[in-house]
file start-v1.txt (compact mmCIF, C-alpha atoms)
# COMPACT_ATOMS: atom_id res chain seq x y z
CA MET A 1 25.58 -106.90 -173.06
CA ARG A 2 27.32 -104.29 -175.21
CA GLU A 3 27.31 -106.61 -178.25
CA GLN A 4 23.56 -106.94 -178.50
CA THR A 5 21.82 -109.15 -181.03
CA ALA A 6 18.42 -107.65 -180.08
CA PRO A 7 17.27 -104.65 -178.08
CA ILE A 8 16.26 -104.55 -174.46
CA VAL A 9 12.49 -104.09 -174.34
CA VAL A 10 10.99 -101.97 -171.56
CA VAL A 11 7.20 -102.31 -171.28
CA GLY A 12 5.55 -99.24 -169.78
CA ALA A 13 6.41 -95.61 -170.50
CA GLY A 14 5.63 -93.97 -167.19
CA ILE A 15 8.34 -92.46 -165.03
CA VAL A 16 9.75 -95.87 -163.98
CA GLY A 17 9.96 -97.20 -167.54
CA VAL A 18 11.34 -94.00 -169.03
CA ALA A 19 13.96 -93.73 -166.27
CA THR A 20 14.97 -97.35 -166.83
CA ALA A 21 15.24 -96.84 -170.59
CA LEU A 22 17.31 -93.66 -170.20
CA TYR A 23 19.76 -95.23 -167.77
CA LEU A 24 20.16 -98.29 -170.00
CA GLN A 25 20.79 -95.98 -172.94
CA ARG A 26 23.44 -94.14 -170.92
CA ASP A 27 25.12 -97.51 -170.49
CA GLY A 28 25.41 -97.69 -174.29
CA LEU A 29 22.63 -100.24 -174.78
CA ASP A 30 19.97 -100.49 -177.50
CA VAL A 31 16.53 -100.05 -175.91
CA THR A 32 12.94 -100.16 -177.18
CA LEU A 33 10.26 -98.61 -174.96
CA ILE A 34 6.74 -99.94 -175.56
CA ASP A 35 3.45 -98.62 -174.18
CA ARG A 36 -0.14 -98.74 -175.36
CA GLY A 37 -0.29 -94.97 -174.81
CA ALA A 38 2.11 -92.10 -175.25
CA PRO A 39 4.91 -91.69 -172.69
CA GLY A 40 3.74 -89.95 -169.53
CA ASP A 41 0.03 -90.22 -170.30
CA GLY A 42 -0.93 -92.52 -167.41
CA THR A 43 -0.50 -92.20 -163.67
CA SER A 44 2.80 -90.42 -164.27
CA TYR A 45 0.71 -87.59 -165.72
CA GLY A 46 -1.96 -87.38 -163.05
CA ASN A 47 -0.14 -87.77 -159.74
CA ALA A 48 0.22 -85.03 -157.12
CA GLY A 49 3.64 -84.07 -158.51
CA VAL A 50 5.38 -84.16 -155.12
CA LEU A 51 8.86 -85.62 -154.72
CA ALA A 52 7.74 -86.89 -151.35
CA SER A 53 10.97 -88.11 -149.79
CA ASN A 54 9.31 -88.73 -146.43
CA SER A 55 6.36 -90.75 -147.80
CA ILE A 56 7.25 -93.96 -146.03
CA VAL A 57 3.97 -94.48 -144.11
CA PRO A 58 1.75 -96.90 -146.07
CA VAL A 59 -2.00 -96.48 -146.39
CA ASN A 60 -2.47 -99.80 -144.61
CA ALA A 61 -1.08 -98.51 -141.32
CA PRO A 62 -2.13 -99.98 -137.96
CA GLY A 63 -5.81 -99.43 -137.23
CA LEU A 64 -6.95 -99.19 -140.86
CA TRP A 65 -9.23 -102.20 -140.47
CA ARG A 66 -11.08 -100.38 -137.64
CA LYS A 67 -11.27 -97.04 -139.50
CA ALA A 68 -12.21 -98.32 -142.96
CA PRO A 69 -15.94 -98.99 -142.32
CA GLY A 70 -16.42 -95.43 -141.04
CA MET A 71 -14.50 -94.03 -144.01
CA LEU A 72 -16.76 -95.92 -146.41
CA ARG A 73 -19.93 -94.68 -144.68
CA ASP A 74 -18.77 -91.06 -144.73
CA PRO A 75 -19.86 -89.44 -148.04
CA ASP A 76 -16.84 -87.12 -147.77
CA GLY A 77 -14.41 -89.72 -146.46
CA PRO A 78 -11.10 -90.43 -148.22
CA LEU A 79 -12.04 -94.03 -149.09
CA SER A 80 -14.66 -95.31 -151.52
CA LEU A 81 -15.52 -98.64 -153.07
CA ARG A 82 -17.52 -99.90 -156.04
CA TRP A 83 -19.45 -102.53 -154.10
CA SER A 84 -19.95 -104.70 -157.18
CA TYR A 85 -16.17 -105.09 -157.28
CA LEU A 86 -15.90 -106.37 -153.67
CA PRO A 87 -15.98 -110.11 -154.51
CA ARG A 88 -12.93 -109.68 -156.80
CA LEU A 89 -11.21 -107.36 -154.32
CA ALA A 90 -11.75 -109.55 -151.23
CA PRO A 91 -8.72 -111.91 -151.50
CA TRP A 92 -6.33 -109.02 -152.08
CA LEU A 93 -8.01 -106.95 -149.36
CA ALA A 94 -7.58 -109.72 -146.79
CA ARG A 95 -3.83 -109.81 -147.45
CA TYR A 96 -3.64 -106.02 -147.49
CA LEU A 97 -5.26 -105.74 -144.06
CA ARG A 98 -2.99 -108.44 -142.63
CA ASN A 99 -0.09 -106.13 -143.45
CA CYS A 100 -1.48 -103.48 -141.07
CA ARG A 101 0.38 -105.08 -138.14
CA PRO A 102 2.97 -102.73 -136.63
CA ASP A 103 5.84 -105.14 -137.31
CA ARG A 104 4.88 -105.37 -140.98
CA VAL A 105 4.39 -101.61 -141.32
CA GLU A 106 7.82 -100.94 -139.83
CA LYS A 107 9.39 -103.24 -142.46
CA THR A 108 7.40 -101.52 -145.18
CA ALA A 109 8.53 -98.08 -144.01
CA SER A 110 12.18 -99.21 -144.06
CA ALA A 111 11.80 -100.54 -147.59
CA LEU A 112 10.14 -97.36 -148.83
CA ALA A 113 12.76 -95.14 -147.18
CA GLY A 114 15.42 -96.94 -149.16
CA ILE A 115 14.03 -95.76 -152.51
CA VAL A 116 12.48 -92.36 -151.73
CA SER A 117 14.76 -90.57 -149.27
CA ASP A 118 16.87 -88.82 -151.91
CA SER A 119 14.17 -88.30 -154.53
CA LEU A 120 15.04 -84.71 -155.46
CA GLU A 121 18.68 -85.57 -156.15
CA GLU A 122 17.66 -88.67 -158.12
CA HIS A 123 15.36 -86.62 -160.36
CA GLN A 124 17.98 -83.97 -160.87
CA ALA A 125 20.50 -86.62 -161.91
CA LEU A 126 18.03 -88.28 -164.27
CA ALA A 127 16.97 -85.02 -165.96
CA ARG A 128 20.39 -83.37 -166.12
CA GLY A 129 21.12 -82.18 -169.66
CA THR A 130 17.53 -82.64 -170.85
CA ALA A 131 14.59 -80.25 -171.34
CA ALA A 132 12.93 -82.00 -168.38
CA GLU A 133 15.22 -80.17 -165.94
CA ALA A 134 13.01 -77.09 -166.21
CA TRP A 135 10.08 -78.88 -164.57
CA ILE A 136 11.90 -79.78 -161.33
CA ALA A 137 11.33 -77.35 -158.45
CA PRO A 138 13.16 -77.83 -155.12
CA SER A 139 10.70 -77.04 -152.33
CA ASP A 140 9.42 -77.86 -148.89
CA TYR A 141 6.57 -80.29 -148.33
CA VAL A 142 4.00 -78.96 -145.88
CA PHE A 143 1.36 -80.81 -143.86
CA LEU A 144 -1.46 -78.49 -142.78
CA TYR A 145 -3.53 -79.38 -139.72
CA THR A 146 -6.56 -77.77 -138.14
CA GLY A 147 -4.64 -77.73 -134.87
CA ARG A 148 -1.92 -79.40 -132.83
CA ASP A 149 -4.38 -82.01 -131.58
CA ALA A 150 -4.93 -83.19 -135.17
CA TYR A 151 -1.17 -83.40 -135.64
CA ASP A 152 -0.90 -85.43 -132.44
CA GLY A 153 -3.44 -87.83 -133.93
CA ASP A 154 -0.87 -88.65 -136.64
CA ALA A 155 1.85 -89.40 -134.09
CA TYR A 156 2.40 -92.96 -135.34
CA GLY A 157 3.36 -91.80 -138.83
CA TRP A 158 5.59 -89.00 -137.62
CA GLY A 159 7.26 -91.41 -135.23
CA LEU A 160 8.12 -93.70 -138.16
CA ARG A 161 9.62 -90.76 -140.05
CA LYS A 162 11.67 -89.69 -137.03
CA ALA A 163 12.98 -93.22 -136.61
CA HIS A 164 14.29 -93.07 -140.19
CA GLY A 165 16.09 -89.78 -139.70
CA TYR A 166 13.60 -87.34 -141.20
CA THR A 167 13.39 -83.89 -139.65
CA TRP A 168 10.83 -81.11 -139.82
CA ASP A 169 9.83 -77.76 -138.35
CA GLU A 170 6.61 -77.15 -136.47
CA LEU A 171 4.80 -73.96 -137.51
CA ASP A 172 2.24 -72.64 -135.05
CA GLY A 173 0.25 -69.41 -135.04
CA ASP A 174 2.35 -66.45 -136.18
CA ALA A 175 5.10 -68.71 -137.54
CA LEU A 176 2.64 -70.35 -139.92
CA GLY A 177 1.30 -66.99 -141.06
CA ALA A 178 4.82 -65.70 -141.65
CA TYR A 179 5.67 -68.77 -143.73
CA ASP A 180 2.54 -68.56 -145.91
CA PRO A 181 -0.12 -65.97 -145.00
CA GLN A 182 -2.90 -67.87 -146.75
CA LEU A 183 -2.08 -71.13 -144.98
CA GLY A 184 -2.15 -69.19 -141.74
CA LYS A 185 -5.80 -68.39 -142.48
CA LEU A 186 -6.65 -72.00 -143.31
CA GLY A 187 -5.18 -73.81 -140.32
CA THR A 188 -3.51 -73.21 -136.98
CA PHE A 189 -0.69 -75.74 -137.14
CA ALA A 190 1.60 -77.09 -139.86
CA VAL A 191 4.70 -79.19 -140.34
CA ARG A 192 7.34 -77.96 -142.80
CA CYS A 193 9.49 -80.73 -144.24
CA PRO A 194 12.59 -79.34 -145.99
CA ASP A 195 14.67 -80.82 -148.82
CA HIS A 196 11.76 -82.04 -150.90
CA GLY A 197 10.65 -80.93 -154.35
CA HIS A 198 7.87 -81.09 -156.89
CA ILE A 199 7.37 -81.41 -160.63
CA LYS A 200 5.56 -78.43 -162.13
CA ASP A 201 4.01 -80.53 -164.93
CA PRO A 202 4.49 -84.29 -164.41
CA GLY A 203 3.11 -85.31 -167.80
CA ARG A 204 5.30 -82.94 -169.78
CA TYR A 205 8.26 -83.82 -167.58
CA VAL A 206 8.03 -87.52 -168.51
CA LYS A 207 7.43 -86.64 -172.17
CA ASP A 208 10.55 -84.47 -172.23
CA LEU A 209 12.57 -87.34 -170.75
CA ALA A 210 11.13 -89.73 -173.35
CA ARG A 211 11.90 -87.26 -176.15
CA HIS A 212 15.50 -87.07 -174.98
CA PHE A 213 15.62 -90.88 -175.02
CA GLU A 214 14.37 -90.89 -178.63
CA GLN A 215 16.86 -88.21 -179.66
CA GLY A 216 19.57 -90.50 -178.34
CA SER A 217 18.50 -93.22 -180.80
CA GLY A 218 16.07 -94.88 -178.41
CA HIS A 219 13.00 -96.48 -179.92
CA VAL A 220 9.45 -95.74 -178.69
CA LEU A 221 6.67 -98.02 -179.92
CA ARG A 222 2.99 -97.44 -179.22
CA ALA A 223 1.46 -100.89 -178.90
CA THR A 224 -0.04 -103.31 -176.38
CA VAL A 225 2.24 -106.13 -175.25
CA ASP A 226 0.06 -109.23 -175.05
CA ASP A 227 2.56 -112.02 -174.52
CA VAL A 228 6.13 -112.89 -173.61
CA ILE A 229 8.19 -115.36 -175.65
CA ILE A 230 10.28 -117.66 -173.47
CA GLU A 231 12.64 -120.23 -174.97
CA ASN A 232 14.81 -122.60 -172.94
CA GLY A 233 13.99 -120.68 -169.77
CA ALA A 234 15.03 -117.29 -171.16
CA VAL A 235 13.02 -114.42 -172.55
CA THR A 236 13.65 -113.92 -176.27
CA GLY A 237 10.86 -111.59 -177.29
CA VAL A 238 7.41 -110.14 -176.78
CA VAL A 239 4.23 -110.08 -178.83
CA ALA A 240 2.84 -106.56 -179.28
CA ASP A 241 -0.39 -106.06 -181.24
CA GLY A 242 0.19 -109.45 -182.83
CA GLN A 243 3.75 -108.65 -183.91
CA ARG A 244 6.71 -110.58 -182.56
CA ILE A 245 9.52 -108.30 -181.33
CA ALA A 246 12.82 -109.92 -180.44
CA CYS A 247 14.65 -108.81 -177.31
CA CYS A 248 17.67 -109.87 -175.29
CA LYS A 249 16.22 -108.63 -171.99
CA LEU A 250 12.72 -107.63 -170.87
CA VAL A 251 11.74 -105.12 -168.19
CA VAL A 252 8.08 -104.89 -167.07
CA THR A 253 7.30 -101.42 -165.71
CA ALA A 254 3.62 -101.20 -166.65
CA GLY A 255 2.28 -100.03 -163.28
CA ALA A 256 -1.17 -101.33 -162.42
CA TRP A 257 -1.27 -103.24 -165.73
CA SER A 258 1.83 -105.29 -164.89
CA GLY A 259 0.05 -108.26 -163.32
CA PRO A 260 -0.71 -110.35 -166.44
CA LEU A 261 2.80 -109.93 -167.86
CA ALA A 262 4.32 -110.72 -164.47
CA ALA A 263 2.24 -113.92 -164.38
CA LYS A 264 3.77 -114.98 -167.70
CA LEU A 265 7.15 -114.65 -165.98
CA GLY A 266 6.04 -116.98 -163.19
CA LEU A 267 5.29 -114.23 -160.67
CA LYS A 268 2.11 -114.44 -158.62
CA VAL A 269 1.58 -110.88 -157.42
CA PRO A 270 -1.43 -109.76 -155.31
CA LEU A 271 -1.80 -106.45 -157.18
CA GLU A 272 -4.76 -104.08 -157.26
CA SER A 273 -5.53 -100.70 -158.74
CA GLU A 274 -5.90 -98.05 -156.10
CA ARG A 275 -7.78 -95.48 -158.12
CA GLY A 276 -6.78 -91.87 -157.43
CA TYR A 277 -8.37 -88.60 -158.55
CA HIS A 278 -7.16 -85.09 -159.22
CA LEU A 279 -8.71 -81.72 -159.99
CA GLU A 280 -6.85 -78.90 -161.68
CA PHE A 281 -7.83 -75.27 -161.11
CA PHE A 282 -6.72 -72.86 -163.82
CA ALA A 283 -5.85 -69.21 -163.11
CA PRO A 284 -6.27 -69.76 -159.35
CA SER A 285 -6.49 -66.78 -157.03
CA TRP A 286 -3.79 -68.29 -154.81
CA MET A 287 -0.89 -70.71 -155.05
CA PRO A 288 0.66 -72.30 -151.96
CA ARG A 289 4.33 -71.62 -151.35
CA ALA A 290 5.03 -75.37 -151.43
CA PRO A 291 3.08 -78.61 -152.02
CA THR A 292 0.75 -78.98 -149.07
CA MET A 293 -1.02 -82.00 -147.63
CA ILE A 294 -4.43 -80.92 -146.34
CA ALA A 295 -4.55 -83.41 -143.50
CA SER A 296 -8.24 -82.97 -142.77
CA GLY A 297 -9.19 -84.05 -146.30
CA LYS A 298 -6.29 -86.41 -147.08
CA PHE A 299 -5.42 -84.65 -150.33
CA VAL A 300 -2.45 -82.65 -151.60
CA ILE A 301 -2.45 -79.26 -153.31
CA THR A 302 0.53 -78.62 -155.58
CA PRO A 303 1.48 -75.43 -157.43
CA MET A 304 1.95 -76.28 -161.09
CA ASP A 305 2.54 -74.48 -164.36
CA GLY A 306 -0.39 -72.03 -164.52
CA ARG A 307 -2.67 -74.12 -162.37
CA LEU A 308 -3.23 -75.61 -158.94
CA ARG A 309 -3.61 -79.40 -158.70
CA ALA A 310 -5.52 -81.13 -155.89
CA ALA A 311 -4.87 -84.88 -155.80
CA GLY A 312 -5.84 -87.67 -153.48
CA LEU A 313 -8.60 -90.01 -152.32
CA VAL A 314 -8.59 -93.80 -152.51
CA GLU A 315 -11.11 -95.77 -154.54
CA PHE A 316 -11.25 -99.48 -155.26
CA GLY A 317 -13.07 -100.52 -158.40
CA GLY A 318 -10.59 -102.23 -160.69
CA LEU A 319 -8.91 -101.24 -163.92
CA ASP A 320 -11.88 -101.35 -166.27
CA ALA A 321 -14.64 -99.27 -164.67
CA PRO A 322 -14.81 -95.60 -165.69
CA ALA A 323 -14.16 -92.74 -163.29
CA GLN A 324 -17.03 -91.95 -160.94
CA GLN A 325 -18.35 -88.41 -161.19
CA LYS A 326 -19.44 -88.55 -157.56
CA THR A 327 -15.83 -89.14 -156.44
CA SER A 328 -14.62 -86.09 -158.39
CA GLU A 329 -17.46 -84.12 -156.83
CA LYS A 330 -16.39 -85.34 -153.38
CA LEU A 331 -12.86 -84.06 -153.98
CA LEU A 332 -14.26 -80.72 -155.15
CA ARG A 333 -16.31 -80.43 -151.94
CA LEU A 334 -13.23 -81.17 -149.86
CA VAL A 335 -11.22 -78.53 -151.72
CA ARG A 336 -13.93 -75.90 -151.32
CA ARG A 337 -14.20 -76.71 -147.62
CA ALA A 338 -10.45 -76.48 -147.07
CA LEU A 339 -9.88 -73.49 -149.39
CA PRO A 340 -13.11 -71.48 -149.11
CA ASN A 341 -11.68 -68.32 -150.70
CA LEU A 342 -10.12 -70.00 -153.73
CA THR A 343 -11.37 -68.70 -157.07
CA PHE A 344 -10.38 -69.91 -160.54
CA SER A 345 -11.41 -69.62 -164.17
CA THR A 346 -12.19 -73.31 -164.79
CA HIS A 347 -11.30 -76.75 -163.53
CA THR A 348 -10.78 -80.24 -164.96
CA SER A 349 -10.88 -83.71 -163.40
CA TRP A 350 -8.92 -86.94 -163.89
CA MET A 351 -8.78 -90.48 -162.52
CA GLY A 352 -5.83 -92.88 -162.69
CA HIS A 353 -4.56 -96.16 -161.32
CA ARG A 354 -1.95 -96.56 -158.60
CA PRO A 355 -0.39 -100.06 -158.64
CA ALA A 356 -0.91 -101.45 -155.13
CA PRO A 357 0.70 -104.74 -154.06
CA ALA A 358 -0.76 -106.23 -150.90
CA ASP A 359 2.30 -105.30 -148.83
CA SER A 360 2.70 -101.76 -150.25
CA VAL A 361 6.29 -102.44 -151.35
CA PRO A 362 7.23 -102.28 -155.05
CA LEU A 363 8.72 -105.23 -156.89
CA ILE A 364 12.19 -104.39 -158.22
CA GLY A 365 14.62 -106.89 -159.65
CA ALA A 366 15.04 -110.04 -161.72
CA ALA A 367 12.25 -112.57 -162.20
CA PRO A 368 13.62 -115.68 -160.46
CA SER A 369 12.35 -118.30 -162.90
CA VAL A 370 12.96 -116.65 -166.30
CA SER A 371 16.42 -115.57 -167.37
CA GLY A 372 16.67 -112.04 -168.77
CA ALA A 373 13.38 -110.83 -167.30
CA PHE A 374 13.15 -107.95 -164.81
CA VAL A 375 10.31 -106.03 -163.19
CA GLY A 376 9.82 -102.62 -161.60
CA PHE A 377 6.24 -101.95 -160.56
CA GLY A 378 3.91 -101.73 -157.57
CA HIS A 379 4.94 -98.29 -156.32
CA HIS A 380 1.51 -97.43 -154.89
CA HIS A 381 1.62 -93.69 -153.97
CA ILE A 382 5.35 -93.19 -154.57
CA GLY A 383 5.81 -93.91 -158.29
CA LEU A 384 6.97 -90.42 -159.25
CA THR A 385 9.04 -90.09 -156.09
CA ALA A 386 10.87 -93.41 -156.50
CA GLY A 387 10.86 -93.67 -160.30
CA PRO A 388 14.42 -92.49 -161.06
CA ARG A 389 16.04 -94.59 -158.33
CA THR A 390 14.07 -97.66 -159.45
CA GLY A 391 15.18 -97.11 -163.05
CA ARG A 392 18.80 -96.68 -162.02
CA LEU A 393 18.72 -99.86 -159.93
CA LEU A 394 17.18 -101.89 -162.77
CA ALA A 395 19.63 -100.55 -165.34
CA GLY A 396 22.51 -101.41 -163.03
CA LEU A 397 21.29 -104.99 -162.60
CA ILE A 398 20.84 -105.44 -166.34
CA SER A 399 24.25 -103.94 -167.12
CA GLY A 400 25.92 -106.26 -164.63
CA ARG A 401 26.66 -103.81 -161.83
CA ARG A 402 26.06 -105.11 -158.32
CA PRO A 403 24.19 -102.42 -156.39
CA ASN A 404 25.54 -101.24 -153.06
CA PHE A 405 21.99 -101.60 -151.83
CA ASP A 406 19.92 -104.40 -150.33
CA LEU A 407 17.25 -105.36 -152.86
CA ALA A 408 15.81 -108.19 -150.72
CA PRO A 409 12.73 -106.22 -149.54
CA TYR A 410 11.70 -105.66 -153.18
CA ASP A 411 12.21 -109.29 -154.27
CA PRO A 412 9.81 -109.96 -157.18
CA GLY A 413 9.46 -113.59 -156.11
CA ARG A 414 8.40 -112.93 -152.55
CA PHE A 415 4.73 -113.75 -153.19
CA SER A 416 5.32 -116.83 -155.35
call {"tool": "encode", "arguments": {"input": "start-v1.txt", "output": "structure tokens"}}
result
Amino acid sequence: MREQTAPIVVVGAGIVGVATALYLQRDGLDVTLIDRGAPGDGTSYGNAGVLASNSIVPVNAPGLWRKAPGMLRDPDGPLSLRWSYLPRLAPWLARYLRNCRPDRVEKTASALAGIVSDSLEEHQALARGTAAEAWIAPSDYVFLYTGRDAYDGDAYGWGLRKAHGYTWDELDGDALGAYDPQLGKLGTFAVRCPDHGHIKDPGRYVKDLARHFEQGSGHVLRATVDDVIIENGAVTGVVADGQRIACCKLVVTAGAWSGPLAAKLGLKVPLESERGYHLEFFAPSWMPRAPTMIASGKFVITPMDGRLRAAGLVEFGGLDAPAQQKTSEKLLRLVRRALPNLTFSTHTSWMGHRPAPADSVPLIGAAPSVSGAFVGFGHHHIGLTAGPRTGRLLAGLISGRRPNFDLAPYDPGRFS
């Protein structure tokens, strides 16, 4: 691998792709990073910014199939659907709901714990010696409830976390007010999860990592990869904007857009876009002490550089439809309801695409039927959290290091 005749091509310049490219570069390899947009402009820009090391409970937890109709009927519920998209969504949705069984969810939680539990340390290792270090903030992760009864209603998820060794502190009454006086006014019960972190500007963080990659003689190309060239069972290049680019290895890390390229590698992946929204409030009158999940509205508020970001909601409508103004307005209503005293100078809105495989577990590893092809996508809600570890695992596989880690749960061929 160190005597390359062509570069390694990484398709997708979000956190997973940039981390992969950086770790390959640190192994002394020639790497070209290709994306149709600038690095860090996609979901890696718009996420909640939390290094959520305890985010091992998938959205499709037990009981979702019973709750979903009520969520869809509720104008302020956390779930929405473009009904015209339902016929295309239905096959994926059927598989997604089948994975709500407790036995499946427990396997999913174990798989997710394996790639998120040390997220803060993974980000610190990735960013060490780069300008991106400045954006990493060690912090707690807080879940705010209206009361202990609401917390008890989430017992299944907290039980999964406990089973995987996560710990937390319960903050009630005066203890909550002492921790964060404003949170004490907004709820009566909270859970403080230590040893987490957040990124104060996710988009700029990824751009700083990509800039460091370029300064180290990495190549960044802005183009759309349309095809993969396979000769004698091995990948030998890609076609980007009509131009053939030779490569010795290929890594697909294109998030929700990875499906068509994965199909060219022989992978049949039930993958959907779970559309997420955020609002940013500039010059806010209050910043939380730590990223906080507002449990009643199913959204997260994160202190960022000069602004407060509120991110969340789940919408199904595919990759092509534009953002819905009514969904942004829903999130704004939820924020105003949860934070009635918040004032700010202005706010902006955004919508992006979370890559959601039907079993909520990302695909990480080698494509089984094409030599030299690897994938790292399908991270659902944990892309930022798991990005550095995913990149390190992929770089290790490509460089010939056997990981001291069981990659079987993330097998790219498991759906084929």
call {"tool": "axis_aligned_box", "arguments": {"input": "start-v1.txt", "around": "region 174-187 of chain A", "padding_each_side": "6 Å", "output": "AutoDock Vina command-line options"}}
result
--center_x -0.5 --center_y -69.8 --center_z -141.5 --size_x 24.3 --size_y 20.1 --size_z 22.6
call {"tool": "atom_distance", "arguments": {"input": "start-v1.txt", "atom1": "CA of Thr32 (chain A)", "atom2": "CA of Leu267 (chain A)"}}
result
23.0 Å
call {"tool": "residues_near_point", "arguments": {"input": "start-v1.txt", "point": "(-0.7, -102.5, -161.8)", "cutoff": "9 Å", "atoms": "all atoms listed in the file", "output": "PyMOL selection string"}}
result
chain A and resi 253-259+271-274+319+353-357+377-380
call {"tool": "closest_residue", "arguments": {"input": "start-v1.txt", "among": "A:Gln182, A:Ser399, A:Ser360, A:Ser285", "to": "Val105 (chain A)", "atoms": "all atoms listed in the file"}}
result
A:Ser360
call {"tool": "residues_near_point", "arguments": {"input": "start-v1.txt", "point": "(-4.3, -105.0, -147.5)", "cutoff": "9 Å", "atoms": "all atoms listed in the file", "output": "mmCIF file with C-alpha atoms, in the frame of the given file"}}
result
data_model
loop_
_atom_site.group_PDB
_atom_site.id
_atom_site.type_symbol
_atom_site.label_atom_id
_atom_site.label_comp_id
_atom_site.auth_asym_id
_atom_site.auth_seq_id
_atom_site.Cartn_x
_atom_site.Cartn_y
_atom_site.Cartn_z
ATOM 1 C CA VAL A 59 -2.000 -96.480 -146.390
ATOM 2 C CA ASN A 60 -2.470 -99.800 -144.610
ATOM 3 C CA TRP A 92 -6.330 -109.020 -152.080
ATOM 4 C CA LEU A 93 -8.010 -106.950 -149.360
ATOM 5 C CA ALA A 94 -7.580 -109.720 -146.790
ATOM 6 C CA ARG A 95 -3.830 -109.810 -147.450
ATOM 7 C CA TYR A 96 -3.640 -106.020 -147.490
ATOM 8 C CA LEU A 97 -5.260 -105.740 -144.060
ATOM 9 C CA ARG A 98 -2.990 -108.440 -142.630
ATOM 10 C CA ASN A 99 -0.090 -106.130 -143.450
ATOM 11 C CA CYS A 100 -1.480 -103.480 -141.070
ATOM 12 C CA PRO A 357 0.700 -104.740 -154.060
ATOM 13 C CA ALA A 358 -0.760 -106.230 -150.900
ATOM 14 C CA ASP A 359 2.300 -105.300 -148.830
ATOM 15 C CA SER A 360 2.700 -101.760 -150.250
#
call {"tool": "atom_distance", "arguments": {"input": "start-v1.txt", "atom1": "CA of Asp227 (chain A)", "atom2": "CA of Gly352 (chain A)"}}
result
24.0 Å
call {"tool": "closest_residue", "arguments": {"input": "start-v1.txt", "among": "A:Leu342, A:Leu265, A:Val206, A:Leu393", "to": "Phe282 (chain A)", "atoms": "only C-alpha atoms"}}
result
A:Leu342
call {"tool": "closest_residue", "arguments": {"input": "start-v1.txt", "among": "A:Gly266, A:Gly216, A:Pro69, A:Pro62", "to": "Ser371 (chain A)", "atoms": "only C-alpha atoms"}}
result
A:Gly266
call {"tool": "closest_atom_pairs", "arguments": {"input": "start-v1.txt", "of": "region 336-373 of chain A", "to": "region 293-311 of chain A", "cutoff": "12 Å", "atoms": "all atoms listed in the file", "output": "CSV"}}
result
residue,atom,partner,partner_atom,distance
A:Arg336,CA,A:Gly297,CA,10.7
A:Arg337,CA,A:Gly297,CA,9.0
A:Ala338,CA,A:Ile294,CA,7.5
A:Leu339,CA,A:Ile294,CA,9.7
A:Leu342,CA,A:Leu308,CA,10.3
A:Thr343,CA,A:Leu308,CA,10.8
A:Phe344,CA,A:Arg307,CA,9.0
A:Ser345,CA,A:Arg307,CA,10.0
A:Thr346,CA,A:Arg307,CA,9.9
A:His347,CA,A:Arg307,CA,9.1
A:Thr348,CA,A:Arg309,CA,9.6
A:Ser349,CA,A:Ala310,CA,9.6
A:Trp350,CA,A:Ala311,CA,9.3
A:Met351,CA,A:Ala311,CA,9.6
A:Gly352,CA,A:Ala311,CA,10.6
call {"tool": "closest_residue", "arguments": {"input": "start-v1.txt", "among": "A:Pro102, A:Gly387, A:Pro340, A:Gly46", "to": "Leu126 (chain A)", "atoms": "only C-alpha atoms"}}
result
A:Gly387
call {"tool": "closest_residue", "arguments": {"input": "start-v1.txt", "among": "A:Lys249, A:Arg161, A:Arg392, A:His212", "to": "Ala131 (chain A)", "atoms": "all atoms listed in the file"}}
result
A:His212
call {"tool": "atom_distance", "arguments": {"input": "start-v1.txt", "atom1": "CA of Thr385 (chain A)", "atom2": "CA of Val142 (chain A)"}}
result
15.9 Å
call {"tool": "closest_residue", "arguments": {"input": "start-v1.txt", "among": "A:Ile115, A:Ile199, A:Val220, A:Ile56", "to": "Tyr166 (chain A)", "atoms": "all atoms listed in the file"}}
result
A:Ile56
call {"tool": "residues_around", "arguments": {"input": "start-v1.txt", "residues": "Ala163 (chain A)", "least_positions_apart": "2", "cutoff": "12 Å", "atoms": "all atoms listed in the file", "output": "list in words"}}
result
Asn54, Ile56, Val57, Glu106, Ala109, Ser110, Ala113, Tyr156, Gly157, Trp158, Gly159, Leu160, Arg161, Gly165, Tyr166 and Thr167 of chain A
call {"tool": "residues_around", "arguments": {"input": "start-v1.txt", "residues": "Asp27 (chain A)", "least_positions_apart": "4", "cutoff": "9 Å", "atoms": "all atoms listed in the file", "output": "PyMOL selection string"}}
result
chain A and resi 2+22-23+395-396+399
call {"tool": "residues_around", "arguments": {"input": "start-v1.txt", "residues": "Ala210 (chain A)", "least_positions_apart": "3", "cutoff": "9 Å", "atoms": "only C-alpha atoms", "output": "list in words"}}
result
Ala13, Val18, Ala19, Ala21, Leu22, Pro39, Gly40, Tyr205, Val206, Lys207, Phe213, Glu214, Gln215, Gly218 and Val220 of chain A
call {"tool": "residues_around", "arguments": {"input": "start-v1.txt", "residues": "Arg244 (chain A)", "least_positions_apart": "5", "cutoff": "12 Å", "atoms": "all atoms listed in the file", "output": "CSV table (one decimal) with C-alpha atoms, in the frame of the given file"}}
result
chain,number,residue,atom,x,y,z
A,9,VAL,CA,12.5,-104.1,-174.3
A,223,ALA,CA,1.5,-100.9,-178.9
A,224,THR,CA,0.0,-103.3,-176.4
A,225,VAL,CA,2.2,-106.1,-175.2
A,226,ASP,CA,0.1,-109.2,-175.0
A,227,ASP,CA,2.6,-112.0,-174.5
A,228,VAL,CA,6.1,-112.9,-173.6
A,229,ILE,CA,8.2,-115.4,-175.6
A,236,THR,CA,13.6,-113.9,-176.3
A,237,GLY,CA,10.9,-111.6,-177.3
A,238,VAL,CA,7.4,-110.1,-176.8
A,239,VAL,CA,4.2,-110.1,-178.8
